[in-house]
$ cat target.pdb   # PDB, C-alpha atoms
ATOM      1  CA  ILE X  73      54.128 173.787 122.834
ATOM      2  CA  TRP X  74      54.037 175.452 126.213
ATOM      3  CA  GLU X  75      53.922 179.021 127.484
ATOM      4  CA  ILE X  76      55.052 180.553 130.794
ATOM      5  CA  GLU X  77      54.244 184.076 131.953
ATOM      6  CA  VAL X  78      57.200 185.480 133.929
ATOM      7  CA  GLN X  79      55.874 187.504 136.877
ATOM      8  CA  SER X  80      59.066 188.409 138.747
ATOM      9  CA  ALA X  81      62.853 188.186 138.612
ATOM     10  CA  ARG X  82      65.084 187.622 141.631
ATOM     11  CA  GLN X  83      68.801 187.457 142.349
ATOM     12  CA  PRO X  84      69.303 185.018 145.264
ATOM     13  CA  VAL X  85      73.087 185.252 144.910
ATOM     14  CA  PRO X  86      75.241 187.694 142.912
ATOM     15  CA  GLY X  87      75.344 186.799 139.240
ATOM     16  CA  LEU X  88      72.365 184.395 139.276
ATOM     17  CA  ILE X  89      69.025 185.685 137.928
ATOM     18  CA  VAL X  90      65.985 183.508 138.634
ATOM     19  CA  HIS X  91      62.698 184.083 136.810
ATOM     20  CA  ALA X  92      59.469 183.092 138.556
ATOM     21  CA  GLY X  93      56.091 182.803 136.877
ATOM     22  CA  ARG X  94      53.141 180.557 136.066
ATOM     23  CA  VAL X  95      52.485 178.058 133.310
ATOM     24  CA  ARG X  96      49.743 179.361 131.025
ATOM     25  CA  ARG X  97      49.769 176.518 128.526
ATOM     26  CA  GLY X  98      51.336 173.069 128.088
ATOM     27  CA  HIS X  99      53.704 171.063 130.310
ATOM     28  CA  PRO X 100      57.341 172.305 130.313
ATOM     29  CA  LYS X 101      60.062 169.808 131.245
ATOM     30  CA  VAL X 102      63.660 170.159 132.382
ATOM     31  CA  GLY X 103      65.902 170.454 129.333
ATOM     32  CA  ASP X 104      63.266 171.941 127.009
ATOM     33  CA  ALA X 105      64.426 174.784 124.759
ATOM     34  CA  ALA X 106      62.681 178.116 125.427
ATOM     35  CA  TRP X 107      62.094 181.302 123.475
ATOM     36  CA  ALA X 108      61.965 184.424 125.672
ATOM     37  CA  VAL X 109      59.759 187.293 124.507
ATOM     38  CA  VAL X 110      59.512 190.657 126.287
ATOM     39  CA  ASP X 111      56.250 192.640 126.428
ATOM     40  CA  TYR X 112      57.767 195.626 124.603
ATOM     41  CA  GLU X 113      55.124 198.258 125.450
ATOM     42  CA  ARG X 114      55.138 197.364 129.150
ATOM     43  CA  ARG X 115      58.952 197.317 129.213
ATOM     44  CA  MET X 116      59.104 200.766 127.604
ATOM     45  CA  ASP X 117      56.588 202.168 130.122
ATOM     46  CA  ILE X 118      58.784 200.865 132.944
ATOM     47  CA  ALA X 119      61.955 202.201 131.287
ATOM     48  CA  ARG X 120      60.415 205.686 130.920
ATOM     49  CA  ASN X 121      59.457 205.768 134.593
ATOM     50  CA  HIS X 122      62.853 204.439 135.675
ATOM     51  CA  THR X 123      64.923 206.987 133.753
ATOM     52  CA  ALA X 124      62.539 209.740 134.913
ATOM     53  CA  THR X 125      63.245 208.647 138.511
ATOM     54  CA  HIS X 126      66.935 209.402 137.960
ATOM     55  CA  LEU X 127      66.099 212.815 136.472
ATOM     56  CA  LEU X 128      63.791 213.541 139.416
ATOM     57  CA  HIS X 129      66.505 212.592 141.915
ATOM     58  CA  SER X 130      69.000 214.871 140.181
ATOM     59  CA  GLU X 131      66.601 217.844 140.084
ATOM     60  CA  LEU X 132      65.544 217.420 143.718
ATOM     61  CA  ARG X 133      69.194 217.586 144.762
ATOM     62  CA  TYR X 134      69.750 220.645 142.549
ATOM     63  CA  ILE X 135      66.627 222.543 143.682
ATOM     64  CA  LEU X 136      66.346 221.500 147.356
ATOM     65  CA  GLY X 137      69.995 220.791 148.163
ATOM     66  CA  GLU X 138      72.481 217.940 148.211
ATOM     67  CA  HIS X 139      71.113 216.723 151.551
ATOM     68  CA  VAL X 140      68.439 214.976 149.444
ATOM     69  CA  GLN X 141      69.100 211.230 149.309
ATOM     70  CA  GLN X 142      67.020 208.418 147.906
ATOM     71  CA  ALA X 143      65.189 206.568 150.675
ATOM     72  CA  GLY X 144      63.262 204.116 148.488
ATOM     73  CA  SER X 145      61.558 203.851 145.121
ATOM     74  CA  MET X 146      59.054 201.867 143.086
ATOM     75  CA  VAL X 147      58.993 201.762 139.302
ATOM     76  CA  GLY X 148      56.037 200.254 137.468
ATOM     77  CA  PRO X 149      54.487 200.556 134.015
ATOM     78  CA  ASP X 150      51.783 202.985 135.195
ATOM     79  CA  ARG X 151      53.677 205.251 137.619
ATOM     80  CA  LEU X 152      56.804 205.845 139.683
ATOM     81  CA  ARG X 153      57.217 206.452 143.393
ATOM     82  CA  PHE X 154      60.311 208.132 144.838
ATOM     83  CA  ASP X 155      61.076 208.530 148.558
ATOM     84  CA  PHE X 156      63.743 211.014 149.581
ATOM     85  CA  THR X 157      65.145 212.739 152.642
ATOM     86  CA  HIS X 158      63.931 216.313 153.168
ATOM     87  CA  PRO X 159      62.719 218.016 156.362
ATOM     88  CA  ALA X 160      59.736 219.966 154.991
ATOM     89  CA  MET X 161      56.783 219.738 152.636
ATOM     90  CA  LEU X 162      57.567 221.026 149.159
ATOM     91  CA  THR X 163      55.847 224.259 148.232
ATOM     92  CA  GLU X 164      53.749 224.574 145.087
ATOM     93  CA  ASP X 165      56.496 226.695 143.529
ATOM     94  CA  GLU X 166      59.113 224.025 144.315
ATOM     95  CA  LEU X 167      56.937 221.260 142.826
ATOM     96  CA  ASN X 168      56.327 223.331 139.692
ATOM     97  CA  LEU X 169      60.052 224.002 139.372
ATOM     98  CA  VAL X 170      60.899 220.299 139.763
ATOM     99  CA  THR X 171      58.299 219.353 137.132
ATOM    100  CA  GLN X 172      59.548 221.991 134.702
ATOM    101  CA  SER X 173      63.197 221.045 135.237
ATOM    102  CA  VAL X 174      62.598 217.342 134.645
ATOM    103  CA  ASN X 175      60.577 218.064 131.494
ATOM    104  CA  ASP X 176      63.318 220.439 130.293
ATOM    105  CA  ALA X 177      65.843 217.599 130.683
ATOM    106  CA  ILE X 178      63.508 215.329 128.705
ATOM    107  CA  LEU X 179      63.211 217.871 125.882
ATOM    108  CA  VAL X 180      66.987 218.309 125.674
ATOM    109  CA  ASN X 181      67.022 214.620 124.685
ATOM    110  CA  TYR X 182      70.137 213.705 126.661
ATOM    111  CA  PRO X 183      71.751 210.369 125.757
ATOM    112  CA  VAL X 184      71.473 207.645 128.396
ATOM    113  CA  ALA X 185      74.559 205.449 128.634
ATOM    114  CA  VAL X 186      75.320 202.300 130.634
ATOM    115  CA  SER X 187      78.825 201.167 131.555
ATOM    116  CA  HIS X 188      80.442 198.660 133.918
ATOM    117  CA  GLU X 189      83.157 200.154 136.096
ATOM    118  CA  GLU X 190      85.210 199.521 139.194
ATOM    119  CA  TYR X 191      83.180 200.550 142.251
ATOM    120  CA  ARG X 192      85.771 202.732 143.999
ATOM    121  CA  GLN X 193      86.656 204.556 140.800
ATOM    122  CA  ALA X 194      83.004 205.240 139.969
ATOM    123  CA  VAL X 195      82.228 206.653 143.416
ATOM    124  CA  SER X 196      85.372 208.793 143.349
ATOM    125  CA  GLU X 197      84.103 210.348 140.100
ATOM    126  CA  GLY X 198      80.856 211.446 141.738
ATOM    127  CA  VAL X 199      78.586 208.541 140.842
ATOM    128  CA  ILE X 200      75.789 208.273 143.421
ATOM    129  CA  ALA X 201      75.407 204.973 145.286
ATOM    130  CA  LEU X 202      72.454 204.079 147.508
ATOM    131  CA  PHE X 203      73.235 204.368 151.221
ATOM    132  CA  GLY X 204      73.296 200.955 152.899
ATOM    133  CA  GLU X 205      73.295 199.027 149.609
ATOM    134  CA  LYS X 206      75.946 196.352 149.094
ATOM    135  CA  TYR X 207      77.903 196.480 145.833
ATOM    136  CA  GLY X 208      80.510 194.222 144.274
ATOM    137  CA  ASP X 209      83.879 195.256 142.915
ATOM    138  CA  GLU X 210      82.362 195.916 139.485
ATOM    139  CA  VAL X 211      79.189 198.006 139.227
ATOM    140  CA  ARG X 212      76.739 199.110 136.548
ATOM    141  CA  VAL X 213      76.746 202.885 136.091
ATOM    142  CA  LEU X 214      73.924 204.802 134.424
ATOM    143  CA  ARG X 215      74.858 208.245 133.089
ATOM    144  CA  VAL X 216      72.400 210.742 131.653
ATOM    145  CA  GLY X 217      73.869 213.707 129.784
ATOM    146  CA  TRP X 218      76.520 214.694 127.297
ATOM    147  CA  PRO X 219      79.885 212.889 127.385
ATOM    148  CA  GLY X 220      82.012 214.476 130.089
ATOM    149  CA  GLU X 221      79.049 216.573 131.352
ATOM    150  CA  PRO X 222      76.730 214.165 133.174
ATOM    151  CA  PHE X 223      73.308 215.492 134.142
ATOM    152  CA  SER X 224      72.845 212.442 136.365
ATOM    153  CA  GLN X 225      75.125 209.522 137.234
ATOM    154  CA  GLU X 226      74.064 206.712 139.552
ATOM    155  CA  LEU X 227      74.652 203.047 140.177
ATOM    156  CA  CYS X 228      71.666 201.176 138.762
ATOM    157  CA  GLY X 229      70.840 197.721 137.444
ATOM    158  CA  GLY X 230      67.447 198.421 135.879
ATOM    159  CA  THR X 231      66.068 198.997 132.390
ATOM    160  CA  HIS X 232      66.194 202.494 130.871
ATOM    161  CA  VAL X 233      65.462 204.436 127.702
ATOM    162  CA  HIS X 234      68.300 205.266 125.298
ATOM    163  CA  GLU X 235      67.532 209.010 125.172
ATOM    164  CA  THR X 236      65.537 211.148 127.589
ATOM    165  CA  GLY X 237      63.231 212.320 124.785
ATOM    166  CA  GLU X 238      61.691 208.827 124.802
ATOM    167  CA  ILE X 239      60.122 209.623 128.201
ATOM    168  CA  GLY X 240      57.763 212.080 126.514
ATOM    169  CA  LEU X 241      56.096 213.805 129.479
ATOM    170  CA  PHE X 242      56.680 213.897 133.246
ATOM    171  CA  HIS X 243      53.742 214.747 135.513
ATOM    172  CA  ILE X 244      53.737 214.797 139.344
ATOM    173  CA  LEU X 245      50.615 213.295 140.920
ATOM    174  CA  SER X 246      51.296 213.872 144.614
ATOM    175  CA  GLU X 247      53.847 214.832 147.262
ATOM    176  CA  GLU X 248      53.471 213.710 150.875
ATOM    177  CA  SER X 249      55.249 212.710 154.067
ATOM    178  CA  VAL X 250      55.916 209.024 154.740
ATOM    179  CA  GLY X 251      57.944 209.425 157.935
ATOM    180  CA  ALA X 252      60.123 211.778 159.936
ATOM    181  CA  GLY X 253      62.283 213.659 157.444
ATOM    182  CA  VAL X 254      61.189 211.522 154.479
ATOM    183  CA  ARG X 255      58.963 212.751 151.641
ATOM    184  CA  ARG X 256      57.366 210.828 148.767
ATOM    185  CA  ILE X 257      56.627 211.922 145.208
ATOM    186  CA  GLU X 258      54.411 209.895 142.880
ATOM    187  CA  ALA X 259      54.496 210.717 139.191
ATOM    188  CA  MET X 260      53.603 209.479 135.705
ATOM    189  CA  THR X 261      55.422 209.576 132.395
ATOM    190  CA  GLY X 262      54.898 208.764 128.749
ATOM    191  CA  ARG X 263      51.566 207.708 127.308
ATOM    192  CA  VAL X 264      49.932 207.252 130.744
ATOM    193  CA  ALA X 265      50.786 210.864 131.641
ATOM    194  CA  VAL X 266      49.519 212.100 128.273
ATOM    195  CA  GLU X 267      46.219 210.233 128.754
ATOM    196  CA  LEU X 268      45.831 211.758 132.233
ATOM    197  CA  VAL X 269      46.546 215.308 131.056
ATOM    198  CA  GLU X 270      44.191 214.962 128.062
ATOM    199  CA  ARG X 271      41.458 213.660 130.361
ATOM    200  CA  GLN X 272      41.947 216.546 132.805
ATOM    201  CA  ILE X 273      41.923 219.095 129.969
ATOM    202  CA  GLY X 274      38.622 217.595 128.782
ATOM    203  CA  ILE X 275      37.135 217.995 132.269
ATOM    204  CA  LEU X 276      38.382 221.599 132.389
ATOM    205  CA  LYS X 277      36.786 222.409 129.024
ATOM    206  CA  ARG X 278      33.435 220.903 130.030
ATOM    207  CA  THR X 279      33.482 222.738 133.359
ATOM    208  CA  ALA X 280      34.227 226.012 131.556
ATOM    209  CA  ALA X 281      31.234 225.399 129.278
ATOM    210  CA  TYR X 282      28.958 224.738 132.268
ATOM    211  CA  LEU X 283      30.132 227.991 133.876
ATOM    212  CA  GLY X 284      29.701 229.948 130.650
ATOM    213  CA  GLY X 285      33.347 230.869 130.153
ATOM    214  CA  THR X 286      36.678 229.704 128.778
ATOM    215  CA  PRO X 287      39.158 227.324 130.470
ATOM    216  CA  ASP X 288      41.300 230.350 131.428
ATOM    217  CA  GLU X 289      38.296 231.840 133.269
ATOM    218  CA  VAL X 290      37.235 228.764 135.250
ATOM    219  CA  ASP X 291      38.810 229.839 138.554
ATOM    220  CA  ARG X 292      37.374 233.387 138.365
ATOM    221  CA  LYS X 293      33.945 232.074 137.290
ATOM    222  CA  ALA X 294      33.917 229.586 140.165
ATOM    223  CA  LEU X 295      34.877 232.271 142.699
ATOM    224  CA  GLY X 296      32.132 234.520 141.312
ATOM    225  CA  PHE X 297      29.498 231.799 141.753
ATOM    226  CA  LEU X 298      30.752 231.090 145.278
ATOM    227  CA  ASP X 299      30.386 234.792 146.161
ATOM    228  CA  GLU X 300      26.853 234.813 144.722
ATOM    229  CA  LEU X 301      25.983 231.636 146.636
ATOM    230  CA  GLN X 302      27.274 233.086 149.899
ATOM    231  CA  SER X 303      25.285 236.299 149.365
ATOM    232  CA  ALA X 304      22.151 234.293 148.532
ATOM    233  CA  ARG X 305      22.509 232.207 151.691
ATOM    234  CA  LYS X 306      22.843 235.349 153.800
ATOM    235  CA  GLU X 307      19.729 236.820 152.172
ATOM    236  CA  ILE X 308      17.770 233.597 152.757
ATOM    237  CA  ALA X 309      18.830 233.574 156.416
ATOM    238  CA  ARG X 310      17.742 237.233 156.776
ATOM    239  CA  LEU X 311      14.329 236.586 155.188
ATOM    240  CA  GLN X 312      13.780 233.465 157.319
ATOM    241  CA  GLU X 313      14.584 235.496 160.437
ATOM    242  CA  GLN X 314      12.056 238.183 159.395
ATOM    243  CA  ALA X 315       9.401 235.577 158.690
TER     244      ALA X 315
END

$ encode --input "target.pdb" --output "structure tokens"
Amino acid sequence: IWEIEVQSARQPVPGLIVHAGRVRRGHPKVGDAAWAVVDYERRMDIARNHTATHLLHSELRYILGEHVQQAGSMVGPDRLRFDFTHPAMLTEDELNLVTQSVNDAILVNYPVAVSHEEYRQAVSEGVIALFGEKYGDEVRVLRVGWPGEPFSQELCGGTHVHETGEIGLFHILSEESVGAGVRRIEAMTGRVAVELVERQIGILKRTAAYLGGTPDEVDRKALGFLDELQSARKEIARLQEQA
């Protein structure tokens, strides 16, 4: 008995998928039969982040304008990273609107459908293709939304959830510039996002207790203490000057 941990998958030529990994146990030989097992929880974490990337792309184009184009992305089990073209930093209101819109799409529980179509026909129907990417005559199309009313439709070869409700929660971690006219958003979804939010709520509750208030009063309590501290420092400086 032998065991191999697959660490990456590559496509050196169209139609040929090569898995690369390391032998964890035993001595595999050419011709041996193999049983492939997927790490289900890790795969689902990646699928949630990947489908959320498509929702994010769609909402950025809707909120900021159709000049927004994908300029790169990274999808992992713990987070997603999405680079896009936009000339200015997003405001707090814009980030809040993007977050709310993506979570609204998750709660609608849109179906996520995959189909294989002719490239020219798909593009003519409004399916988004990555600029500079090379595609064959037949492409894999990912559509999110009701039949005939797509919320998002893009060419994509990755793994996805079956319904947007499986994503659970979408939470933006940061937004920054990565080059001239290119912005980057990092975000979390699913159980990782829930763990982060629960942890932050716990910190907020403890801070409120330290300040002698409720979580809704933390900002006002903190500003009050800062005002008192500033007044105390001024008084100390005045007394030191007198002394």

$ residues_around --input "target.pdb" --residues "Gly208 in chain X" --least-positions-apart "3" --cutoff "9 Å" --atoms "all atoms listed in the file" --output "CSV table (one decimal) with C-alpha atoms, keeping the file's coordinate frame"
chain,number,residue,atom,x,y,z
X,86,PRO,CA,75.2,187.7,142.9
X,190,GLU,CA,85.2,199.5,139.2
X,191,TYR,CA,83.2,200.6,142.3
X,211,VAL,CA,79.2,198.0,139.2

$ closest_atom_pairs --input "target.pdb" --of "range 238-270 of chain X" --to "range 118-139 of chain X" --cutoff "12 Å" --atoms "only C-alpha atoms" --output "Markdown table"
| residue | atom | partner | partner_atom | distance |
| --- | --- | --- | --- | --- |
| X:Glu238 | CA | X:Arg120 | CA | 7.0 |
| X:Ile239 | CA | X:Arg120 | CA | 4.8 |
| X:Gly240 | CA | X:Arg120 | CA | 8.2 |
| X:Leu241 | CA | X:Arg120 | CA | 9.3 |
| X:Phe242 | CA | X:Ala124 | CA | 7.4 |
| X:His243 | CA | X:Ala124 | CA | 10.1 |
| X:Ile244 | CA | X:Leu128 | CA | 10.1 |
| X:Gly253 | CA | X:His139 | CA | 11.0 |
| X:Val254 | CA | X:His139 | CA | 11.6 |
| X:Arg255 | CA | X:Leu132 | CA | 11.3 |
| X:Arg256 | CA | X:His129 | CA | 11.6 |
| X:Ile257 | CA | X:Leu128 | CA | 9.4 |
| X:Glu258 | CA | X:Thr125 | CA | 9.9 |
| X:Ala259 | CA | X:Asn121 | CA | 8.4 |
| X:Met260 | CA | X:Asn121 | CA | 7.0 |
| X:Thr261 | CA | X:Asn121 | CA | 6.0 |
| X:Gly262 | CA | X:Arg120 | CA | 6.7 |
| X:Arg263 | CA | X:Arg120 | CA | 9.8 |
| X:Val264 | CA | X:Asn121 | CA | 10.4 |
| X:Ala265 | CA | X:Asn121 | CA | 10.5 |

$ write_last_selection --input "target.pdb" --atoms "C-alpha atoms" --output "short mmCIF file (atom, residue, chain, number, x, y, z; two decimals), keeping the file's coordinate frame"
data_model
loop_
_atom_site.label_atom_id
_atom_site.label_comp_id
_atom_site.auth_asym_id
_atom_site.auth_seq_id
_atom_site.Cartn_x
_atom_site.Cartn_y
_atom_site.Cartn_z
CA GLU X 238 61.69 208.83 124.80
CA ILE X 239 60.12 209.62 128.20
CA GLY X 240 57.76 212.08 126.51
CA LEU X 241 56.10 213.80 129.48
CA PHE X 242 56.68 213.90 133.25
CA HIS X 243 53.74 214.75 135.51
CA ILE X 244 53.74 214.80 139.34
CA GLY X 253 62.28 213.66 157.44
CA VAL X 254 61.19 211.52 154.48
CA ARG X 255 58.96 212.75 151.64
CA ARG X 256 57.37 210.83 148.77
CA ILE X 257 56.63 211.92 145.21
CA GLU X 258 54.41 209.90 142.88
CA ALA X 259 54.50 210.72 139.19
CA MET X 260 53.60 209.48 135.71
CA THR X 261 55.42 209.58 132.40
CA GLY X 262 54.90 208.76 128.75
CA ARG X 263 51.57 207.71 127.31
CA VAL X 264 49.93 207.25 130.74
CA ALA X 265 50.79 210.86 131.64
#

$ closest_residue --input "target.pdb" --among "X:Asp176, X:Asp209, X:Glu248, X:Glu226" --to "Ala160 in chain X" --atoms "all atoms listed in the file"
X:Glu248

$ closest_atom_pairs --input "target.pdb" --of "range 133-190 of chain X" --to "range 102-117 of chain X" --cutoff "8 Å" --atoms "all atoms listed in the file" --output "JSON lines"
{"residue": "X:Gly148", "atom": "CA", "partner": "X:Asp117", "partner_atom": "CA", "distance": 7.6}
{"residue": "X:Pro149", "atom": "CA", "partner": "X:Asp117", "partner_atom": "CA", "distance": 4.7}
{"residue": "X:Asp150", "atom": "CA", "partner": "X:Asp117", "partner_atom": "CA", "distance": 7.0}

$ atom_distance --input "target.pdb" --atom1 "CA of Gln272 in chain X" --atom2 "CA of Pro287 in chain X"
11.4 Å

$ atom_distance --input "target.pdb" --atom1 "CA of Ser224 in chain X" --atom2 "CA of Ile178 in chain X"
12.4 Å

$ atom_distance --input "target.pdb" --atom1 "CA of Gly93 in chain X" --atom2 "CA of Glu210 in chain X"
29.5 Å

$ resolve_selection --input "target.pdb" --expression "the PyMOL selection byres ((chain X and resi 181) around 7)" --output "PyMOL selection string"
chain X and resi 177-180+182-183+235-237

$ resolve_selection --input "target.pdb" --expression "the PyMOL selection byres ((chain X and resi 79) around 7)" --output "CSV table (one decimal) with C-alpha atoms, keeping the file's coordinate frame"
chain,number,residue,atom,x,y,z
X,77,GLU,CA,54.2,184.1,132.0
X,78,VAL,CA,57.2,185.5,133.9
X,80,SER,CA,59.1,188.4,138.7
X,92,ALA,CA,59.5,183.1,138.6
X,93,GLY,CA,56.1,182.8,136.9

$ closest_residue --input "target.pdb" --among "X:Gln312, X:Val233, X:Gln225, X:Val250" --to "Pro159 in chain X" --atoms "all atoms listed in the file"
X:Val250
